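Engineer: Quick one: structure below, then a few questions.
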Amino acid sequence: MKWKSLLGVSLAGMVLLAGCGTSKETNSEEKGGKEIKIGVTQIVEHPSLDAAYKGFKKAISASGLKNVKYDVQLAQGDPNNSQTIAKNLVGEKVDLIFANSTPSAQHALNATKDIPIVFTSVTDPVGAKLVQSFEKPGDNITGTTDTHPDAIPKTIEFIDKQTDAKTVGLIYNKGEQNSVAQVDLVKKALEKSNLKPVEVSVSTSADVKQAAESLVGRADVFYIVTDNTVVSALESVISVAEDKGIPMFAGELDSVKRGAFAAYGFDYYDIGYEAGQMAADILKGKKKPSEIKVQYPQKLKLVINKKAAKAMNIKLKTEWDSMAEYTK
């Protein structure tokens with residue numbers, strides 16, 4: 001699906017995007033079936049979030065729900081746009097909101113306590129005050145998180161035991177609560193290793209390359225957590241890592257496909273799919289959001305990009321063959 005920006009195209013874009021739904025859904029509407037309208041709010045466009053949305057749609061389709069229409073709106077990384085999107089979706093009285101990212105979910109929950117909200121790509125739903133706990137989410141909200149309890153500890157363990165690094169460079173936006181939570185976990189894991197953190201904060205994607213360059217000579221490896229600001233400009237970090245021969249680790253697998261060296265992760269498509277299954281149960285009236293536990297990713301694996309390893313001057317070890325999946 002071709003994404004559309006909120007900026008300047010709101011109404012026309014919404015109509016066009018709705019029209020991009022499956023033909024089966026359109027046909028069902030022509031036969032007089034009740035229309036189900038799902039509002040989709042996403043903070044920014046990048047491969048991980050896009051994959052989560054694709055997984056969500058696939059699960060809805062596989063559930064057998066008919067005549068489903070999607071109102072997809074992107075915030076272009078702007079929190080003000082995200083707030084406006086949430087209010088728009090509530091005003092349109094959609095049947096369910098799919099919130100793809102932490103700020104998208106926060107703004108949706110601020111906008112409604114009645115319309116069901118299913119989120120994904122949220123790192124710390126409790127810390128972000130989206131749910132009371134994983135076991136007891138709020139009255140109208142539940143979803144899937146994009147962090148696995150073992151992902152960060154395993155990444156730090158790999159860097160500590162499998163590389164000669166002494167320092168780990170972290171680039172993130174302190175304005176993203178999900179990133180702050182992850183960096184705190186990284187620091188906690190580093191306390192159990194021989195590694196030290198070196199931090200740089202950015203405010204916009206335009207700041208990312210300069211931030212990466214500022215770490216040259218101070219950081220032996222880069223570790224990019226799932227920060228939306230940085231991941232949306234990931235190629236800037238990759239170019240510095242390749243030019244300077246600095247191994248670059250990532251917080252999710254889509255970044256490895258884009259050129260990061262390695263990551264412990266899972267497919268965002270899968271957590272989107274699992275969120276879609278939750279949404280289907282809610283739309284069918286089988287369960288309320290409060291009855292569905294927040295869910296962790298089900299699969300965790302180490303993936304290494306051979307092409308990136310060569311570009312970053314990293315020699316592959318034979319012992320990694322039994323630890324990792326390789327991509328080229």
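Here's how to read the names in the structure tokens: chain A, B, ... by the order shown, residue numbers from 1 in each chain, ligand numbers from 1 in the order shown.
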Enumerate, as a PyMOL selection string, the complete set of residues in stretch 68-212 of chain A that a backbone-based DSSP assignment places in strand (DSSP E).
Structural biologist: chain A and resi 68-74+96-100+117-122+141-145+167-172+196-201
Engineer: Which residues are close to A:Lys54, i.e. within 8 Å by only C-alpha atoms, leaving aside same-chain residues fewer than 2 positions away? Reply as a ChimeraX atom specification.
Structural biologist: /A:50-52,56-58,269,272-273
Engineer: Residues as selected, N, CA and C atoms, written as a PDB file, in the first residue's frame, can you do that?
Structural biologist:
```
ATOM      1  N   ASP A  50       6.011  -0.234   9.252  1.00  0.00           N
ATOM      2  CA  ASP A  50       5.241  -0.614   8.072  1.00  0.00           C
ATOM      3  C   ASP A  50       4.969  -2.124   8.060  1.00  0.00           C
ATOM      4  N   ALA A  51       5.988  -2.898   8.466  1.00  0.00           N
ATOM      5  CA  ALA A  51       5.808  -4.360   8.524  1.00  0.00           C
ATOM      6  C   ALA A  51       4.766  -4.739   9.571  1.00  0.00           C
ATOM      7  N   ALA A  52       4.765  -4.035  10.696  1.00  0.00           N
ATOM      8  CA  ALA A  52       3.771  -4.318  11.741  1.00  0.00           C
ATOM      9  C   ALA A  52       2.361  -4.075  11.218  1.00  0.00           C
ATOM     10  N   PHE A  56      -0.717  -6.707  10.851  1.00  0.00           N
ATOM     11  CA  PHE A  56      -2.027  -6.437  11.445  1.00  0.00           C
ATOM     12  C   PHE A  56      -3.132  -6.677  10.414  1.00  0.00           C
ATOM     13  N   LYS A  57      -2.966  -6.095   9.219  1.00  0.00           N
ATOM     14  CA  LYS A  57      -3.995  -6.247   8.184  1.00  0.00           C
ATOM     15  C   LYS A  57      -4.182  -7.712   7.790  1.00  0.00           C
ATOM     16  N   LYS A  58      -3.058  -8.430   7.729  1.00  0.00           N
ATOM     17  CA  LYS A  58      -3.144  -9.839   7.341  1.00  0.00           C
ATOM     18  C   LYS A  58      -3.952 -10.631   8.369  1.00  0.00           C
ATOM     19  N   TYR A 269       6.438  -7.807  11.575  1.00  0.00           N
ATOM     20  CA  TYR A 269       5.233  -8.356  10.943  1.00  0.00           C
ATOM     21  C   TYR A 269       4.506  -9.259  11.945  1.00  0.00           C
ATOM     22  N   GLY A 272       2.742  -7.345  14.702  1.00  0.00           N
ATOM     23  CA  GLY A 272       1.573  -6.709  14.102  1.00  0.00           C
ATOM     24  C   GLY A 272       0.465  -7.726  13.887  1.00  0.00           C
ATOM     25  N   TYR A 273       0.860  -8.917  13.445  1.00  0.00           N
ATOM     26  CA  TYR A 273      -0.126  -9.988  13.220  1.00  0.00           C
ATOM     27  C   TYR A 273      -0.810 -10.361  14.543  1.00  0.00           C
TER      28      TYR A 273
END
```
Engineer: Could the residues of stretch 213-272 of chain A that have an atom at most 7 Å from stretch 162-180 of chain A be listed as CSV, each with its closest atom pair and the distance in Å to one decimal, counting only C-alpha atoms and ordered by chain and ascending residue number?
Structural biologist:
```
residue,atom,partner,partner_atom,distance
A:Leu215,CA,A:Gly169,CA,6.5
A:Ala219,CA,A:Gly169,CA,4.9
A:Asp220,CA,A:Ala165,CA,5.2
A:Val221,CA,A:Val168,CA,5.2
A:Phe222,CA,A:Gly169,CA,4.6
A:Tyr223,CA,A:Leu170,CA,5.5
A:Ile224,CA,A:Leu170,CA,6.2
A:Val225,CA,A:Ser179,CA,6.8
A:Thr226,CA,A:Ser179,CA,6.7
A:Asp227,CA,A:Ser179,CA,5.3
A:Thr229,CA,A:Asn173,CA,6.5
A:Val230,CA,A:Tyr172,CA,6.3
```
Engineer: What residues in stretch 57-215 of chain A get the DSSP label alpha helix (DSSP H)? Please answer as a tab-separated table (two decimals) with N, CA and C atoms, in the first residue's frame.
Structural biologist:
```tsv
chain	number	residue	atom	x	y	z
A	57	LYS	N	-2.97	-6.10	9.22
A	57	LYS	CA	-3.99	-6.25	8.18
A	57	LYS	C	-4.18	-7.71	7.79
A	58	LYS	N	-3.06	-8.43	7.73
A	58	LYS	CA	-3.14	-9.84	7.34
A	58	LYS	C	-3.95	-10.63	8.37
A	59	ALA	N	-3.75	-10.34	9.64
A	59	ALA	CA	-4.49	-11.05	10.69
A	59	ALA	C	-5.98	-10.73	10.62
A	60	ILE	N	-6.30	-9.48	10.37
A	60	ILE	CA	-7.71	-9.09	10.24
A	60	ILE	C	-8.34	-9.84	9.07
A	61	SER	N	-7.61	-9.89	7.96
A	61	SER	CA	-8.13	-10.60	6.78
A	61	SER	C	-8.31	-12.09	7.08
A	62	ALA	N	-7.30	-12.68	7.77
A	62	ALA	CA	-7.36	-14.11	8.07
A	62	ALA	C	-8.45	-14.45	9.07
A	79	PRO	N	4.63	14.99	17.01
A	79	PRO	CA	3.64	14.66	18.06
A	79	PRO	C	2.34	15.46	17.91
A	80	ASN	N	2.43	16.70	17.44
A	80	ASN	CA	1.21	17.49	17.26
A	80	ASN	C	0.30	16.85	16.20
A	81	ASN	N	0.94	16.38	15.12
A	81	ASN	CA	0.15	15.68	14.10
A	81	ASN	C	-0.49	14.42	14.68
A	82	SER	N	0.26	13.72	15.52
A	82	SER	CA	-0.25	12.48	16.12
A	82	SER	C	-1.47	12.76	16.99
A	83	GLN	N	-1.42	13.84	17.75
A	83	GLN	CA	-2.58	14.20	18.57
A	83	GLN	C	-3.79	14.52	17.70
A	84	THR	N	-3.55	15.26	16.61
A	84	THR	CA	-4.65	15.62	15.71
A	84	THR	C	-5.26	14.38	15.07
A	85	ILE	N	-4.39	13.45	14.69
A	85	ILE	CA	-4.88	12.20	14.08
A	85	ILE	C	-5.81	11.46	15.06
A	86	ALA	N	-5.37	11.36	16.31
A	86	ALA	CA	-6.17	10.65	17.31
A	86	ALA	C	-7.55	11.30	17.46
A	87	LYS	N	-7.58	12.61	17.54
A	87	LYS	CA	-8.86	13.32	17.68
A	87	LYS	C	-9.73	13.11	16.44
A	88	ASN	N	-9.10	13.11	15.25
A	88	ASN	CA	-9.85	12.89	14.01
A	88	ASN	C	-10.50	11.51	14.00
A	89	LEU	N	-9.74	10.50	14.40
A	89	LEU	CA	-10.27	9.13	14.37
A	89	LEU	C	-11.43	8.97	15.36
A	90	VAL	N	-11.31	9.61	16.51
A	90	VAL	CA	-12.41	9.56	17.48
A	90	VAL	C	-13.63	10.28	16.93
A	91	GLY	N	-13.39	11.44	16.29
A	91	GLY	CA	-14.50	12.18	15.70
A	91	GLY	C	-15.22	11.42	14.61
A	102	THR	N	4.60	4.03	20.32
A	102	THR	CA	4.25	4.53	21.65
A	102	THR	C	3.50	5.86	21.62
A	103	PRO	N	4.04	6.89	20.94
A	103	PRO	CA	3.29	8.16	20.95
A	103	PRO	C	1.91	8.04	20.31
A	104	SER	N	1.80	7.23	19.28
A	104	SER	CA	0.49	7.04	18.64
A	104	SER	C	-0.51	6.45	19.63
A	105	ALA	N	-0.06	5.48	20.42
A	105	ALA	CA	-0.95	4.86	21.40
A	105	ALA	C	-1.29	5.83	22.53
A	106	GLN	N	-0.29	6.59	22.97
A	106	GLN	CA	-0.55	7.56	24.05
A	106	GLN	C	-1.59	8.60	23.61
A	107	HIS	N	-1.44	9.10	22.41
A	107	HIS	CA	-2.37	10.14	21.95
A	107	HIS	C	-3.77	9.55	21.70
A	108	ALA	N	-3.82	8.31	21.25
A	108	ALA	CA	-5.12	7.67	21.05
A	108	ALA	C	-5.83	7.49	22.40
A	109	LEU	N	-5.08	7.05	23.40
A	109	LEU	CA	-5.69	6.83	24.72
A	109	LEU	C	-6.11	8.15	25.36
A	110	ASN	N	-5.36	9.20	25.09
A	110	ASN	CA	-5.76	10.53	25.59
A	110	ASN	C	-7.05	11.01	24.94
A	111	ALA	N	-7.29	10.54	23.71
A	111	ALA	CA	-8.44	11.03	22.94
A	111	ALA	C	-9.72	10.27	23.21
A	151	ALA	N	16.33	-9.66	24.74
A	151	ALA	CA	17.00	-9.09	23.55
A	151	ALA	C	18.18	-8.20	23.93
A	152	ILE	N	17.98	-7.24	24.79
A	152	ILE	CA	19.07	-6.32	25.16
A	152	ILE	C	20.17	-7.05	25.93
A	153	PRO	N	19.85	-7.86	26.96
A	153	PRO	CA	20.92	-8.58	27.66
A	153	PRO	C	21.75	-9.46	26.73
A	154	LYS	N	21.10	-10.13	25.79
A	154	LYS	CA	21.84	-11.01	24.87
A	154	LYS	C	22.73	-10.20	23.93
A	155	THR	N	22.25	-9.03	23.50
A	155	THR	CA	23.06	-8.19	22.62
A	155	THR	C	24.31	-7.71	23.34
A	156	ILE	N	24.15	-7.25	24.56
A	156	ILE	CA	25.31	-6.79	25.34
A	156	ILE	C	26.26	-7.95	25.62
A	157	GLU	N	25.71	-9.10	25.93
A	157	GLU	CA	26.55	-10.29	26.16
A	157	GLU	C	27.36	-10.63	24.91
A	158	PHE	N	26.72	-10.54	23.76
A	158	PHE	CA	27.43	-10.85	22.50
A	158	PHE	C	28.56	-9.84	22.27
A	159	ILE	N	28.27	-8.56	22.44
A	159	ILE	CA	29.30	-7.53	22.24
A	159	ILE	C	30.46	-7.75	23.21
A	160	ASP	N	30.13	-8.09	24.44
A	160	ASP	CA	31.15	-8.25	25.49
A	160	ASP	C	32.04	-9.46	25.22
A	161	LYS	N	31.43	-10.56	24.83
A	161	LYS	CA	32.18	-11.82	24.70
A	161	LYS	C	32.72	-12.08	23.30
A	162	GLN	N	32.08	-11.48	22.30
A	162	GLN	CA	32.45	-11.83	20.92
A	162	GLN	C	33.18	-10.71	20.18
A	177	GLN	N	9.86	8.15	24.98
A	177	GLN	CA	9.86	7.39	26.23
A	177	GLN	C	10.32	5.96	26.02
A	178	ASN	N	9.95	5.38	24.86
A	178	ASN	CA	10.35	4.01	24.58
A	178	ASN	C	11.86	3.88	24.48
A	179	SER	N	12.52	4.91	23.94
A	179	SER	CA	13.97	4.87	23.79
A	179	SER	C	14.66	5.02	25.14
A	180	VAL	N	14.15	5.91	25.96
A	180	VAL	CA	14.72	6.10	27.30
A	180	VAL	C	14.65	4.79	28.09
A	181	ALA	N	13.53	4.11	27.97
A	181	ALA	CA	13.36	2.84	28.68
A	181	ALA	C	14.37	1.81	28.21
A	182	GLN	N	14.59	1.75	26.88
A	182	GLN	CA	15.54	0.79	26.35
A	182	GLN	C	16.98	1.12	26.76
A	183	VAL	N	17.33	2.39	26.69
A	183	VAL	CA	18.69	2.78	27.06
A	183	VAL	C	18.94	2.49	28.54
A	184	ASP	N	17.93	2.65	29.36
A	184	ASP	CA	18.08	2.29	30.77
A	184	ASP	C	18.37	0.79	30.92
A	185	LEU	N	17.70	-0.01	30.10
A	185	LEU	CA	17.95	-1.45	30.15
A	185	LEU	C	19.35	-1.79	29.64
A	186	VAL	N	19.79	-1.05	28.61
A	186	VAL	CA	21.15	-1.25	28.09
A	186	VAL	C	22.17	-0.95	29.19
A	187	LYS	N	21.99	0.16	29.88
A	187	LYS	CA	22.93	0.54	30.95
A	187	LYS	C	22.94	-0.52	32.06
A	188	LYS	N	21.76	-1.03	32.36
A	188	LYS	CA	21.67	-2.07	33.39
A	188	LYS	C	22.43	-3.32	32.97
A	189	ALA	N	22.30	-3.68	31.70
A	189	ALA	CA	23.02	-4.86	31.18
A	189	ALA	C	24.52	-4.60	31.14
A	190	LEU	N	24.91	-3.37	30.81
A	190	LEU	CA	26.33	-3.04	30.74
A	190	LEU	C	27.01	-3.14	32.10
A	208	VAL	N	20.94	12.99	13.21
A	208	VAL	CA	21.47	11.64	13.46
A	208	VAL	C	22.90	11.46	12.94
A	209	LYS	N	23.17	11.91	11.72
A	209	LYS	CA	24.51	11.68	11.16
A	209	LYS	C	25.58	12.38	11.98
A	210	GLN	N	25.31	13.62	12.35
A	210	GLN	CA	26.27	14.36	13.16
A	210	GLN	C	26.50	13.67	14.51
A	211	ALA	N	25.42	13.12	15.07
A	211	ALA	CA	25.54	12.40	16.33
A	211	ALA	C	26.43	11.18	16.18
A	212	ALA	N	26.24	10.44	15.08
A	212	ALA	CA	27.07	9.26	14.83
A	212	ALA	C	28.54	9.67	14.66
A	213	GLU	N	28.78	10.73	13.93
A	213	GLU	CA	30.16	11.19	13.71
A	213	GLU	C	30.81	11.63	15.02
A	214	SER	N	30.00	12.15	15.94
A	214	SER	CA	30.56	12.61	17.22
A	214	SER	C	31.03	11.44	18.08
```
Engineer: Within 10 Å of A:Lys288, counting only C-alpha atoms, which residues qualify if same-chain residues fewer than 3 places away don't, as a VMD selection string?
Structural biologist: chain A and resid 116 138 to 142 278 to 279 281 to 285 291 to 292
Engineer: Considering only C-alpha atoms, state which residue in the set A:Glu35, A:Glu319, A:Asp146, A:Asp207 is at the smallest distance from A:Ala233.
Structural biologist: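 When distances to A:Ala233 are compared using only C-alpha atoms, the smallest one comes from A:Asp207.
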Engineer: Please provide as a list in words all residues within 9 Å of A:Ala260, with the sequence filter that same-chain residues fewer than 6 positions apart are discarded (counting only C-alpha atoms).
Structural biologist: Leu234, Glu235, Val237, Ile238, Ala241, Pro247, Met248, Phe249, Ala250, Leu253, Asp254, Ile304, Asn305, Ala308 and Ala309 of chain A
